[in-house]
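> What follows is upload_35.txt, made up of compact mmCIF, C-alpha atoms:
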# COMPACT_ATOMS: atom_id res chain seq x y z
CA MET Z 390 65.88 27.79 -16.68
CA THR Z 391 65.98 30.53 -19.30
CA ARG Z 392 63.42 32.41 -17.28
CA ILE Z 393 65.45 32.60 -14.06
CA LEU Z 394 67.46 35.71 -14.90
CA PRO Z 395 64.69 38.03 -16.07
CA LEU Z 396 62.38 36.94 -13.29
CA CYS Z 397 65.09 37.56 -10.72
CA PHE Z 398 65.23 41.09 -12.13
CA VAL Z 399 61.49 41.42 -11.69
CA ALA Z 400 61.78 40.23 -8.11
CA MET Z 401 64.66 42.66 -7.54
CA VAL Z 402 62.67 45.61 -8.90
CA VAL Z 403 59.68 44.66 -6.81
CA LEU Z 404 61.79 44.44 -3.66
CA LEU Z 405 63.54 47.73 -4.52
CA ALA Z 406 60.24 49.45 -5.15
CA GLY Z 407 58.86 48.07 -1.93
CA ALA Z 408 61.91 48.97 0.12
CA GLU Z 409 62.50 52.61 -1.03
CA PRO Z 410 62.95 54.24 2.41
CA ALA Z 411 64.04 57.76 1.30
CA PHE Z 412 65.02 58.42 4.91
CA ALA Z 413 61.55 59.74 5.71
CA GLN Z 414 59.15 57.60 7.69
CA ALA Z 415 60.59 54.24 8.49
CA ALA Z 416 57.30 52.58 9.46
CA PRO Z 417 55.47 52.68 6.09
CA ALA Z 418 58.70 51.84 4.30
CA ALA Z 419 59.34 48.87 6.53
CA GLU Z 420 55.75 47.77 6.02
CA THR Z 421 56.04 47.80 2.24
CA ALA Z 422 59.39 46.03 2.45
CA VAL Z 423 57.94 43.29 4.58
CA LYS Z 424 54.87 43.04 2.35
CA SER Z 425 57.01 42.26 -0.68
CA THR Z 426 59.29 39.77 1.05
CA GLY Z 427 56.79 36.91 1.14
CA PRO Z 428 56.00 36.90 -2.56
CA GLY Z 429 59.68 37.43 -3.31
CA ILE Z 430 60.65 34.31 -1.38
CA GLY Z 431 57.80 32.44 -3.05
CA MET Z 432 59.11 33.42 -6.47
CA GLY Z 433 62.59 32.23 -5.58
CA LEU Z 434 61.30 28.85 -4.40
CA ALA Z 435 59.17 28.45 -7.53
CA ILE Z 436 62.21 29.13 -9.72
CA ILE Z 437 64.19 26.50 -7.81
CA GLY Z 438 61.41 24.02 -8.59
CA ILE Z 439 61.40 24.94 -12.28
CA GLY Z 440 65.18 24.72 -12.49
CA ILE Z 441 65.32 21.27 -10.91
CA GLY Z 442 62.38 20.01 -12.98
CA ILE Z 443 63.68 21.15 -16.34
CA GLY Z 444 67.18 20.03 -15.39
CA LEU Z 445 65.92 16.50 -14.74
CA VAL Z 446 63.95 16.47 -18.01
CA GLY Z 447 67.05 17.61 -19.88
CA TYR Z 448 69.21 15.01 -18.13
CA ALA Z 449 66.89 12.18 -19.11
CA ALA Z 450 66.57 13.46 -22.68
CA LEU Z 451 70.32 13.83 -23.11
CA SER Z 452 71.07 10.37 -21.73
CA GLY Z 453 68.43 8.92 -24.06
CA ILE Z 454 69.89 10.67 -27.08
CA ALA Z 455 73.40 9.60 -26.05
CA ARG Z 456 72.34 5.98 -25.89
CA GLN Z 457 70.35 5.95 -29.14
CA PRO Z 458 71.20 8.85 -31.43
CA GLU Z 459 68.80 7.63 -34.09
CA GLN Z 460 65.84 8.28 -31.76
CA ALA Z 461 66.90 11.89 -31.21
CA GLY Z 462 63.82 13.29 -32.97
CA ALA Z 463 61.24 11.43 -30.89
CA ILE Z 464 63.14 12.12 -27.66
CA GLN Z 465 63.37 15.82 -28.46
CA GLY Z 466 59.63 16.00 -29.13
CA ALA Z 467 58.79 14.42 -25.77
CA MET Z 468 61.37 16.62 -24.04
CA PHE Z 469 59.73 19.84 -25.22
CA ILE Z 470 56.28 18.71 -24.12
CA LEU Z 471 57.48 17.72 -20.64
CA ALA Z 472 59.57 20.85 -20.21
CA GLY Z 473 56.54 22.93 -21.18
CA LEU Z 474 54.39 21.18 -18.57
CA VAL Z 475 56.95 21.61 -15.78
CA GLU Z 476 57.54 25.22 -16.71
CA GLY Z 477 53.79 25.83 -16.86
CA ALA Z 478 53.31 24.70 -13.28
CA GLY Z 479 56.17 26.87 -12.06
CA ILE Z 480 55.05 29.92 -14.00
CA ILE Z 481 51.58 29.62 -12.48
CA ALA Z 482 53.24 29.99 -9.06
CA LEU Z 483 55.35 32.91 -10.27
CA VAL Z 484 52.39 34.81 -11.67
CA LEU Z 485 50.38 34.26 -8.49
CA CYS Z 486 53.30 35.61 -6.40
CA LEU Z 487 53.55 38.63 -8.67
CA ALA Z 488 49.83 39.21 -8.31
CA LEU Z 489 50.21 39.01 -4.52
CA VAL Z 490 52.64 41.92 -4.61
CA PHE Z 491 50.17 44.21 -6.28
CA LEU Z 492 46.93 43.10 -4.69
CA MET K 168 54.01 55.78 -17.67
CA ALA K 169 54.61 58.65 -15.23
CA ASP K 170 51.01 59.22 -14.36
CA LYS K 171 51.36 59.97 -10.67
CA PRO K 172 54.53 61.33 -9.10
CA ALA K 173 56.09 59.09 -6.50
CA VAL K 174 55.74 59.95 -2.83
CA ALA K 175 58.82 59.42 -0.72
CA GLY K 176 58.48 56.40 1.54
CA GLU K 177 55.58 54.79 -0.36
CA LYS K 178 55.49 52.15 -3.03
CA LEU K 179 56.22 53.30 -6.56
CA PRO K 180 53.11 53.79 -8.73
CA ILE K 181 54.02 51.06 -11.18
CA ASP K 182 51.35 48.81 -12.62
CA PRO K 183 53.19 46.05 -14.48
CA PHE K 184 50.03 44.55 -15.91
CA SER K 185 48.75 47.75 -17.50
CA HIS K 186 49.93 46.93 -21.02
CA VAL K 187 49.23 43.21 -20.85
CA VAL K 188 45.62 43.02 -19.70
CA ASP K 189 42.45 44.09 -21.44
CA SER K 190 41.86 47.81 -21.84
CA ASP K 191 39.55 50.23 -23.58
CA HIS K 192 42.20 51.85 -25.75
CA ILE K 193 44.84 50.87 -28.28
CA GLU K 194 47.90 53.10 -28.07
CA ILE K 195 49.68 53.11 -31.40
CA LEU K 196 52.16 55.89 -30.62
CA PRO K 197 51.19 57.34 -27.25
CA THR K 198 53.75 60.14 -27.25
CA ALA K 199 52.49 61.33 -30.64
CA GLY K 200 48.92 61.10 -29.38
CA LEU K 201 47.83 58.34 -31.79
CA THR K 202 45.47 56.52 -29.48
CA ILE K 203 42.24 54.75 -30.38
CA ASP K 204 40.09 55.46 -27.38
CA GLY K 205 36.64 54.59 -26.20
CA LEU K 206 36.86 50.90 -27.01
CA SER K 207 34.38 49.72 -24.44
CA ILE K 208 30.68 48.89 -24.27
CA ALA K 209 29.00 49.49 -20.95
CA GLY K 210 32.33 49.35 -19.16
CA ILE K 211 33.47 46.10 -20.78
CA PRO K 212 36.87 46.57 -22.46
CA LEU K 213 36.97 45.57 -26.10
CA LYS K 214 40.64 45.45 -27.09
CA PHE K 215 40.99 41.70 -26.70
CA MET K 216 37.63 41.16 -28.34
CA ILE K 217 38.81 43.03 -31.44
CA LEU K 218 42.11 41.13 -31.52
CA MET K 219 40.33 37.80 -31.12
CA THR K 220 37.95 38.63 -33.97
CA VAL K 221 40.85 39.64 -36.20
CA THR K 222 42.66 36.38 -35.40
CA ALA K 223 39.53 34.30 -35.97
CA MET K 224 38.90 35.95 -39.34
CA LEU K 225 42.52 35.38 -40.31
CA VAL K 226 42.32 31.68 -39.39
CA ALA K 227 39.02 31.32 -41.24
CA VAL K 228 40.36 32.99 -44.39
CA ILE K 229 43.50 30.86 -44.35
CA LEU K 230 41.69 27.57 -43.82
CA LEU K 231 38.99 28.34 -46.38
CA TRP K 232 41.61 29.27 -48.96
CA LEU K 233 43.54 26.11 -48.13
CA GLY K 234 40.42 23.99 -48.44
CA LYS K 235 39.67 25.45 -51.85
CA LYS K 236 43.21 24.71 -52.99
CA MET K 237 43.12 21.19 -51.59
CA ARG K 238 39.85 20.43 -53.36
CA THR K 239 41.55 20.70 -56.74
CA GLY K 240 43.52 17.60 -55.83
CA GLU K 241 46.81 18.96 -57.13
CA PRO K 242 50.03 18.72 -55.15
CA PRO K 243 50.82 21.99 -53.35
CA ARG K 244 52.94 24.52 -55.22
CA GLY K 245 54.40 27.75 -53.98
CA LYS K 246 55.66 28.81 -50.60
CA LEU K 247 52.39 29.93 -48.98
CA TRP K 248 50.42 26.82 -49.90
CA ASN K 249 53.24 24.54 -48.78
CA PHE K 250 53.62 26.45 -45.54
CA PHE K 251 49.97 26.10 -44.55
CA GLU K 252 49.87 22.47 -45.61
CA SER K 253 52.94 21.82 -43.47
CA LEU K 254 51.10 23.36 -40.51
CA LEU K 255 48.20 20.96 -41.11
CA PHE K 256 50.57 18.02 -41.39
CA PHE K 257 52.26 19.10 -38.18
CA VAL K 258 48.96 19.04 -36.31
CA ARG K 259 47.98 15.69 -37.80
CA ASP K 260 51.29 13.86 -37.34
CA LYS K 261 52.58 15.32 -34.11
CA ILE K 262 49.36 16.10 -32.22
CA ALA K 263 46.35 14.16 -33.51
CA ARG K 264 47.94 10.80 -34.36
CA PRO K 265 50.09 10.46 -31.20
CA GLY K 266 47.24 11.50 -28.93
CA LEU K 267 44.28 9.78 -30.53
CA GLY K 268 45.70 6.87 -32.48
CA ASP K 269 45.54 6.61 -36.25
CA HIS K 270 41.91 5.53 -36.29
CA ASP K 271 40.25 8.46 -34.53
CA ALA K 272 42.67 11.18 -35.52
CA ASP K 273 40.83 12.35 -38.63
CA LYS K 274 37.53 12.79 -36.82
CA PHE K 275 38.94 15.35 -34.39
CA LEU K 276 41.37 16.98 -36.79
CA PRO K 277 39.12 19.98 -37.66
CA TYR K 278 38.76 20.90 -34.01
CA LEU K 279 42.44 20.40 -33.22
CA VAL K 280 43.62 22.38 -36.24
CA THR K 281 41.29 25.25 -35.41
CA LEU K 282 42.34 25.21 -31.76
CA PHE K 283 46.05 25.16 -32.58
CA LEU K 284 45.91 27.90 -35.21
CA PHE K 285 43.62 30.10 -33.13
CA ILE K 286 45.75 29.90 -29.98
CA PHE K 287 48.97 30.33 -31.98
CA GLY K 288 47.52 33.38 -33.76
CA MET K 289 46.36 34.94 -30.50
CA ASN K 290 49.73 34.37 -28.85
CA LEU K 291 51.50 35.93 -31.82
CA MET K 292 49.27 39.02 -31.63
CA GLY K 293 51.15 39.80 -28.42
CA MET K 294 54.40 40.00 -30.31
CA LEU K 295 53.10 42.71 -32.63
CA PRO K 296 53.92 46.15 -31.25
CA PHE K 297 51.21 48.04 -29.38
CA LEU K 298 48.73 45.16 -29.60
CA GLY K 299 48.40 42.42 -27.01
CA SER K 300 47.73 38.71 -26.78
CA PRO K 301 44.14 37.94 -25.83
CA THR K 302 45.32 34.72 -24.21
CA ALA K 303 46.72 36.86 -21.39
CA SER K 304 43.17 36.96 -20.03
CA ILE K 305 41.90 34.07 -17.92
CA ALA K 306 38.46 34.53 -19.46
CA VAL K 307 39.74 33.73 -22.95
CA THR K 308 41.80 30.71 -21.93
CA GLY K 309 39.00 29.61 -19.63
CA ALA K 310 36.57 29.64 -22.54
CA LEU K 311 38.98 27.63 -24.69
CA ALA K 312 39.50 25.12 -21.89
CA LEU K 313 35.73 24.90 -21.38
CA VAL K 314 35.24 24.03 -25.04
CA SER K 315 37.98 21.40 -24.82
CA PHE K 316 36.35 20.05 -21.63
CA CYS K 317 33.03 19.68 -23.43
CA VAL K 318 34.67 17.97 -26.42
CA ILE K 319 36.60 15.56 -24.19
CA HIS K 320 33.68 14.43 -22.08
CA ALA K 321 31.16 14.45 -24.93
CA SER K 322 33.40 12.15 -26.96
CA GLY K 323 33.96 9.94 -23.92
CA THR K 324 30.22 9.72 -23.30
CA LYS K 325 29.56 8.93 -26.95
CA SER K 326 32.14 6.15 -26.92
CA ASN K 327 31.21 4.48 -23.66
CA GLY K 328 27.65 5.55 -22.87
CA PHE K 329 26.97 7.91 -20.00
CA GLY K 330 26.94 5.33 -17.17
CA GLY K 331 29.80 3.44 -18.74
CA TYR K 332 31.86 6.61 -19.04
CA LEU K 333 31.33 7.44 -15.38
CA LYS K 334 32.41 3.89 -14.51
CA THR K 335 35.72 4.30 -16.36
CA PHE K 336 36.87 6.73 -13.70
CA ILE K 337 36.88 4.01 -11.06
CA PRO K 338 40.23 2.20 -11.00
CA HIS K 339 40.53 -1.52 -10.44
CA ILE K 340 42.86 -2.44 -7.62
CA HIS K 341 43.69 -6.07 -6.95
CA LEU K 342 45.10 -6.96 -3.56
CA GLU K 343 45.94 -10.44 -2.38
CA GLY K 344 44.82 -11.50 1.04
CA GLY K 345 41.84 -11.90 3.31
CA ALA K 346 38.90 -9.72 4.22
CA ALA K 347 40.95 -6.91 5.76
CA MET K 348 43.02 -6.49 2.59
CA GLN K 349 39.88 -6.51 0.44
CA LEU K 350 38.37 -3.79 2.62
CA MET K 351 41.50 -1.70 2.28
CA GLY K 352 41.31 -2.27 -1.47
CA LYS K 353 37.77 -0.92 -1.53
CA VAL K 354 38.78 2.11 0.52
CA ILE K 355 41.68 2.86 -1.80
CA THR K 356 39.45 2.42 -4.83
CA PHE K 357 36.93 4.84 -3.36
CA GLY K 358 39.59 7.45 -2.66
CA MET K 359 41.16 7.11 -6.08
CA ALA K 360 37.79 7.32 -7.79
CA ILE K 361 37.14 10.66 -6.08
CA LEU K 362 40.56 11.82 -7.23
CA GLU K 363 39.82 10.71 -10.79
CA TYR K 364 36.52 12.58 -10.87
CA ALA K 365 38.25 15.68 -9.57
CA THR K 366 41.03 15.26 -12.14
CA ALA K 367 38.50 15.53 -14.94
CA PHE K 368 37.77 19.09 -13.91
CA ILE K 369 41.22 20.03 -12.66
CA ARG K 370 42.86 19.07 -15.97
CA ALA K 371 40.69 21.53 -17.86
CA GLY K 372 41.40 24.22 -15.28
CA VAL K 373 45.14 23.65 -15.45
CA LEU K 374 45.00 23.81 -19.25
CA ALA K 375 43.47 27.26 -18.98
CA VAL K 376 45.78 28.55 -16.25
CA ARG K 377 48.96 27.21 -17.89
CA LEU K 378 48.33 29.12 -21.12
CA PHE K 379 47.16 32.22 -19.25
CA ALA K 380 50.11 32.30 -16.85
CA ASN K 381 52.69 31.72 -19.59
CA MET K 382 51.38 34.55 -21.75
CA LEU K 383 50.83 36.95 -18.85
CA ALA K 384 54.22 36.27 -17.27
CA GLY K 385 56.11 36.50 -20.55
CA HIS K 386 54.75 39.86 -21.56
CA THR K 387 54.91 41.25 -18.03
CA VAL K 388 58.60 40.34 -17.84
CA LEU K 389 59.24 42.06 -21.18
CA PHE K 390 57.40 45.14 -19.94
CA MET K 391 59.29 45.26 -16.64
CA ILE K 392 62.69 45.01 -18.28
CA LEU K 393 61.84 47.82 -20.68
CA PHE K 394 60.39 49.75 -17.75
CA PHE K 395 63.81 49.92 -16.11
CA ILE K 396 64.69 52.52 -18.74
CA ALA K 397 61.78 54.70 -17.67
CA LEU K 398 62.62 54.10 -14.01
CA VAL K 399 66.13 55.40 -14.55
CA ALA K 400 65.28 58.29 -16.85
CA ASP K 401 62.06 59.69 -15.43
CA PRO K 402 62.57 62.00 -12.43
CA ASN K 403 59.02 61.27 -11.30
CA TYR K 404 60.07 57.94 -9.82
CA GLN K 405 62.72 59.50 -7.56
CA ILE K 406 65.19 56.65 -7.69
CA LYS K 407 68.12 57.93 -5.64
CA ILE K 408 70.86 56.37 -7.77
CA ALA K 409 69.30 57.64 -11.00
CA GLU K 410 68.96 61.19 -9.68
CA GLU K 411 72.64 61.36 -8.80
CA ASN K 412 74.09 59.66 -11.90
CA ASP K 413 72.74 60.85 -15.22
CA TRP K 414 74.96 58.57 -17.27
CA LEU K 415 73.13 55.51 -15.93
CA PHE K 416 70.55 55.88 -18.69
CA TYR K 417 72.90 54.66 -21.44
CA PRO K 418 74.06 51.30 -20.07
CA VAL K 419 70.60 50.55 -18.68
CA ALA K 420 68.92 51.32 -22.01
CA LEU K 421 71.44 49.27 -23.99
CA PHE K 422 71.27 46.30 -21.65
CA SER K 423 67.51 46.45 -21.39
CA VAL K 424 66.86 46.59 -25.12
CA THR K 425 69.31 43.76 -25.83
CA LEU K 426 67.79 41.56 -23.15
CA VAL K 427 64.25 42.34 -24.34
CA THR K 428 65.20 41.42 -27.92
CA ALA K 429 66.60 38.08 -26.78
CA LEU K 430 63.59 37.44 -24.56
CA SER K 431 61.23 38.31 -27.40
CA LEU K 432 62.77 35.48 -29.42
CA LEU K 433 62.09 33.21 -26.46
CA GLU K 434 58.55 34.58 -26.32
CA LEU K 435 58.00 33.64 -29.97
CA PHE K 436 59.08 30.10 -29.16
CA ILE K 437 56.86 30.00 -26.08
CA ALA K 438 53.89 31.23 -28.14
CA GLY K 439 54.21 28.23 -30.42
CA LEU K 440 55.05 25.79 -27.65
CA GLN K 441 52.07 26.74 -25.47
CA ALA K 442 49.68 26.43 -28.40
CA PHE K 443 51.20 23.01 -29.14
CA ILE K 444 50.95 21.86 -25.52
CA PHE K 445 47.31 22.99 -25.19
CA THR K 446 46.29 21.17 -28.35
CA PHE K 447 48.41 18.10 -27.61
CA LEU K 448 46.96 17.70 -24.12
CA THR K 449 43.45 18.13 -25.50
CA ALA K 450 44.15 15.37 -28.03
CA VAL K 451 45.61 13.10 -25.34
CA PHE K 452 42.65 13.65 -23.02
CA ILE K 453 40.19 12.93 -25.83
CA GLY K 454 42.07 9.72 -26.54
CA LEU K 455 42.02 8.74 -22.86
CA ALA K 456 38.30 9.49 -22.63
CA LYS K 457 37.46 7.38 -25.67
CA HIS K 458 39.71 4.44 -24.74
CA PRO K 459 40.23 4.46 -21.00
CA PRO K 460 43.39 2.67 -19.92
CA HIS K 461 41.75 0.35 -17.37
As a first step, turn the structure in this file into structure tokens.

Amino acid sequence: MTRILPLCFVAMVVLLAGAEPAFAQAAPAAETAVKSTGPGIGMGLAIIGIGIGIGLVGYAALSGIARQPEQAGAIQGAMFILAGLVEGAGIIALVLCLALVFL
Amino acid sequence: MADKPAVAGEKLPIDPFSHVVDSDHIEILPTAGLTIDGLSIAGIPLKFMILMTVTAMLVAVILLWLGKKMRTGEPPRGKLWNFFESLLFFVRDKIARPGLGDHDADKFLPYLVTLFLFIFGMNLMGMLPFLGSPTASIAVTGALALVSFCVIHASGTKSNGFGGYLKTFIPHIHLEGGAAMQLMGKVITFGMAILEYATAFIRAGVLAVRLFANMLAGHTVLFMILFFIALVADPNYQIKIAEENDWLFYPVALFSVTLVTALSLLELFIAGLQAFIFTFLTAVFIGLAKHPPH
């Protein structure tokens, strides 16, 4: 969830760079704009997945800690591991989308 | 950064991966011309190789010094000794014992400690200015995952015998009923066995790609946010808004540097967390291979 904002900026820059028309030829500009739209949408969907995944992990961890505050240490440890796994899967998708823009 | 001027109507000549991937030069202060060039042998870039060697030597020196100190049998004194011993205890109590059980943990502790410290050191190299993290290359993380793969399946084979280890991948499914249900049970078992065999390879692959993608994405994001300053200030990129408003440089630079500082703190945390997750999953998989659940 902490990665949403900077990665939205990356997506924005990529779309801006791809859609710089400069009032010259519209055809190449439109082509680059369309070429960046697919990966841009893919990035947005991947971030939605990460957000929901980490949100659910946090929800479960917080309810566990609220029920049994003395287990907070163990719950926190498991929470970090699971959040790392969920984030890892989403970031794989993000990096592949970013690679699609430039390949 | 402004190597080629932008052409109106085409994509901007930005390569966001240029500072994150392997290269044949180390730019200490590029504007002052302090560049170490020519770091390649037969076209193979050497920057990551050098950084990996430096990290490996650092880890070796630290662990050898620690071993010498531990051999004296005295309790640790001083900040450095206590710090490194706390790292070892962290790997033993939070990674080896939960993943492998108390009995087997000590046998795999050398490998897990080396893996954790090596990956952590390589990730932290990316936080030093002008260097880079070698784990941002799929070849490096692939090699680490390959070693873990060999350790996992070698220990599983040693525990269960080769044929026995292959048999542990086949799940046991019990269904009540007549012949038709038994047939369906066999079909499901066959399908799940194929999945389990594939999982053995996919898990190692995902270990590699998770570490690679996290490091690559983190440093690329940092680069892009800092790059906004160059985008706004450099006339080569021909950004319409930047050409018309010169004052844009100041808010963009301030915002960008603040955001990059905050994100660098997050990157430090991610460096440690990804090393921990890689080592923890290796320990868990070794434990599962030695004592299969079914």
> What are the residues of chain K that have an atom within 10 Å of an atom of chain Z, counting only C-alpha atoms, as a compact mmCIF listing (two decimals) with C-alpha atoms, in the frame of the given file?

# COMPACT_ATOMS: atom_id res chain seq x y z
CA VAL K 174 55.74 59.95 -2.83
CA ALA K 175 58.82 59.42 -0.72
CA GLY K 176 58.48 56.40 1.54
CA GLU K 177 55.58 54.79 -0.36
CA LYS K 178 55.49 52.15 -3.03
CA LEU K 179 56.22 53.30 -6.56
CA PRO K 180 53.11 53.79 -8.73
CA ILE K 181 54.02 51.06 -11.18
CA ASP K 182 51.35 48.81 -12.62
CA PRO K 183 53.19 46.05 -14.48
CA PHE K 184 50.03 44.55 -15.91
CA LYS K 261 52.58 15.32 -34.11
CA VAL K 373 45.14 23.65 -15.45
CA LEU K 374 45.00 23.81 -19.25
CA VAL K 376 45.78 28.55 -16.25
CA ARG K 377 48.96 27.21 -17.89
CA LEU K 378 48.33 29.12 -21.12
CA PHE K 379 47.16 32.22 -19.25
CA ALA K 380 50.11 32.30 -16.85
CA ASN K 381 52.69 31.72 -19.59
CA MET K 382 51.38 34.55 -21.75
CA LEU K 383 50.83 36.95 -18.85
CA ALA K 384 54.22 36.27 -17.27
CA GLY K 385 56.11 36.50 -20.55
CA THR K 387 54.91 41.25 -18.03
CA VAL K 388 58.60 40.34 -17.84
CA LEU K 389 59.24 42.06 -21.18
CA PHE K 390 57.40 45.14 -19.94
CA MET K 391 59.29 45.26 -16.64
CA ILE K 392 62.69 45.01 -18.28
CA PHE K 395 63.81 49.92 -16.11
CA LEU K 398 62.62 54.10 -14.01
CA TYR K 404 60.07 57.94 -9.82
CA GLN K 405 62.72 59.50 -7.56
CA ILE K 406 65.19 56.65 -7.69
CA LYS K 407 68.12 57.93 -5.64
CA LEU K 426 67.79 41.56 -23.15
CA VAL K 427 64.25 42.34 -24.34
CA LEU K 430 63.59 37.44 -24.56
CA LEU K 433 62.09 33.21 -26.46
CA ILE K 437 56.86 30.00 -26.08
CA LEU K 440 55.05 25.79 -27.65
CA GLN K 441 52.07 26.74 -25.47
CA PHE K 443 51.20 23.01 -29.14
CA ILE K 444 50.95 21.86 -25.52
CA PHE K 445 47.31 22.99 -25.19
CA PHE K 447 48.41 18.10 -27.61
CA LEU K 448 46.96 17.70 -24.12
> What does the distance from CA of Met432 in chain Z to CA of His386 in chain K come to in Å, to one decimal?
17.0 Å
> Could you tell me how far CA of Pro197 in chain K lies from CA of Phe436 in chain K, in Å and to one decimal?
28.4 Å
> Within 12 Å of Met237 in chain K, counting only C-alpha atoms, which residues qualify if same-chain residues fewer than 5 places away don't, as a list in words?
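Neighbouring residues, sequence-local ones excluded: Leu230, Leu231, Trp232, Pro242, Pro243, Arg244, Trp248, Asn249, Phe251, Glu252 and Leu255 of chain K.
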> Restricting it to C-alpha atoms, dump the selection as a compact mmCIF listing (two decimals), in the coordinates of the input.

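Now in result26.txt:
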# COMPACT_ATOMS: atom_id res chain seq x y z
CA LEU K 230 41.69 27.57 -43.82
CA LEU K 231 38.99 28.34 -46.38
CA TRP K 232 41.61 29.27 -48.96
CA PRO K 242 50.03 18.72 -55.15
CA PRO K 243 50.82 21.99 -53.35
CA ARG K 244 52.94 24.52 -55.22
CA TRP K 248 50.42 26.82 -49.90
CA ASN K 249 53.24 24.54 -48.78
CA PHE K 251 49.97 26.10 -44.55
CA GLU K 252 49.87 22.47 -45.61
CA LEU K 255 48.20 20.96 -41.11
> Could you give me, as a list in words, the residues within 7 Å of Ser207 in chain K, counting all atoms listed in the file and dropping anything in the same chain fewer than 5 positions from it?
Asp191, Pro212 and Leu213 of chain K
> Using Å and a single decimal, report how far CA of Glu194 in chain K sits from CA of Gly210 in chain K.
18.3 Å
> Counting all atoms listed in the file, figure out which residue out of K:Met348, K:Ala263, K:Ala365, K:Val221 gets nearest to Gly288 in chain K.
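The answer is K:Val221, which sits nearest to Gly288 in chain K.
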> Which is closer to Lys334 in chain K than all the others in K:Ala360, K:Phe215, K:Pro265, K:His458, using only C-alpha atoms?
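Going through K:Ala360, K:Phe215, K:Pro265, K:His458 one by one, the smallest distance to Lys334 in chain K is for K:Ala360.
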> List the neighbours of Val354 in chain K out to 12 Å using all atoms listed in the file; skip same-chain residues closer than 3 positions along the sequence, and give me the result as a list in words.
Ile337, Pro338, His339, Ile340, Leu342, Ala347, Met348, Gln349, Leu350, Met351, Phe357, Gly358, Met359, Ala360 and Ile361 of chain K
> Could you add whatever atoms are missing so that range 212-224 of chain K carries N, CA and C atoms, then write the result as a PDB file, in the frame of the given file?

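As written to disk, result-v7.pdb reads:
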ATOM      1  N   PRO K 212      35.822  46.196 -21.496  1.00  0.00           N
ATOM      2  CA  PRO K 212      36.870  46.570 -22.460  1.00  0.00           C
ATOM      3  C   PRO K 212      36.830  45.678 -23.692  1.00  0.00           C
ATOM      4  N   LEU K 213      37.169  46.262 -24.830  1.00  0.00           N
ATOM      5  CA  LEU K 213      36.970  45.570 -26.100  1.00  0.00           C
ATOM      6  C   LEU K 213      38.251  45.244 -26.840  1.00  0.00           C
ATOM      7  N   LYS K 214      39.427  45.621 -26.299  1.00  0.00           N
ATOM      8  CA  LYS K 214      40.640  45.450 -27.090  1.00  0.00           C
ATOM      9  C   LYS K 214      40.866  43.982 -27.435  1.00  0.00           C
ATOM     10  N   PHE K 215      40.743  43.118 -26.430  1.00  0.00           N
ATOM     11  CA  PHE K 215      40.990  41.700 -26.700  1.00  0.00           C
ATOM     12  C   PHE K 215      39.933  41.118 -27.608  1.00  0.00           C
ATOM     13  N   MET K 216      38.686  41.647 -27.476  1.00  0.00           N
ATOM     14  CA  MET K 216      37.630  41.160 -28.340  1.00  0.00           C
ATOM     15  C   MET K 216      37.968  41.432 -29.801  1.00  0.00           C
ATOM     16  N   ILE K 217      38.461  42.656 -30.062  1.00  0.00           N
ATOM     17  CA  ILE K 217      38.810  43.030 -31.440  1.00  0.00           C
ATOM     18  C   ILE K 217      39.941  42.138 -31.938  1.00  0.00           C
ATOM     19  N   LEU K 218      40.978  41.940 -31.087  1.00  0.00           N
ATOM     20  CA  LEU K 218      42.110  41.130 -31.520  1.00  0.00           C
ATOM     21  C   LEU K 218      41.703  39.691 -31.757  1.00  0.00           C
ATOM     22  N   MET K 219      40.795  39.169 -30.922  1.00  0.00           N
ATOM     23  CA  MET K 219      40.330  37.800 -31.120  1.00  0.00           C
ATOM     24  C   MET K 219      39.559  37.686 -32.418  1.00  0.00           C
ATOM     25  N   THR K 220      38.728  38.690 -32.721  1.00  0.00           N
ATOM     26  CA  THR K 220      37.950  38.630 -33.970  1.00  0.00           C
ATOM     27  C   THR K 220      38.875  38.690 -35.168  1.00  0.00           C
ATOM     28  N   VAL K 221      39.900  39.545 -35.082  1.00  0.00           N
ATOM     29  CA  VAL K 221      40.850  39.640 -36.200  1.00  0.00           C
ATOM     30  C   VAL K 221      41.547  38.298 -36.395  1.00  0.00           C
ATOM     31  N   THR K 222      41.991  37.678 -35.291  1.00  0.00           N
ATOM     32  CA  THR K 222      42.660  36.380 -35.400  1.00  0.00           C
ATOM     33  C   THR K 222      41.731  35.326 -35.960  1.00  0.00           C
ATOM     34  N   ALA K 223      40.472  35.310 -35.496  1.00  0.00           N
ATOM     35  CA  ALA K 223      39.530  34.300 -35.970  1.00  0.00           C
ATOM     36  C   ALA K 223      39.274  34.469 -37.461  1.00  0.00           C
ATOM     37  N   MET K 224      39.133  35.734 -37.910  1.00  0.00           N
ATOM     38  CA  MET K 224      38.900  35.950 -39.340  1.00  0.00           C
ATOM     39  C   MET K 224      40.104  35.514 -40.156  1.00  0.00           C
TER      40      MET K 224
END
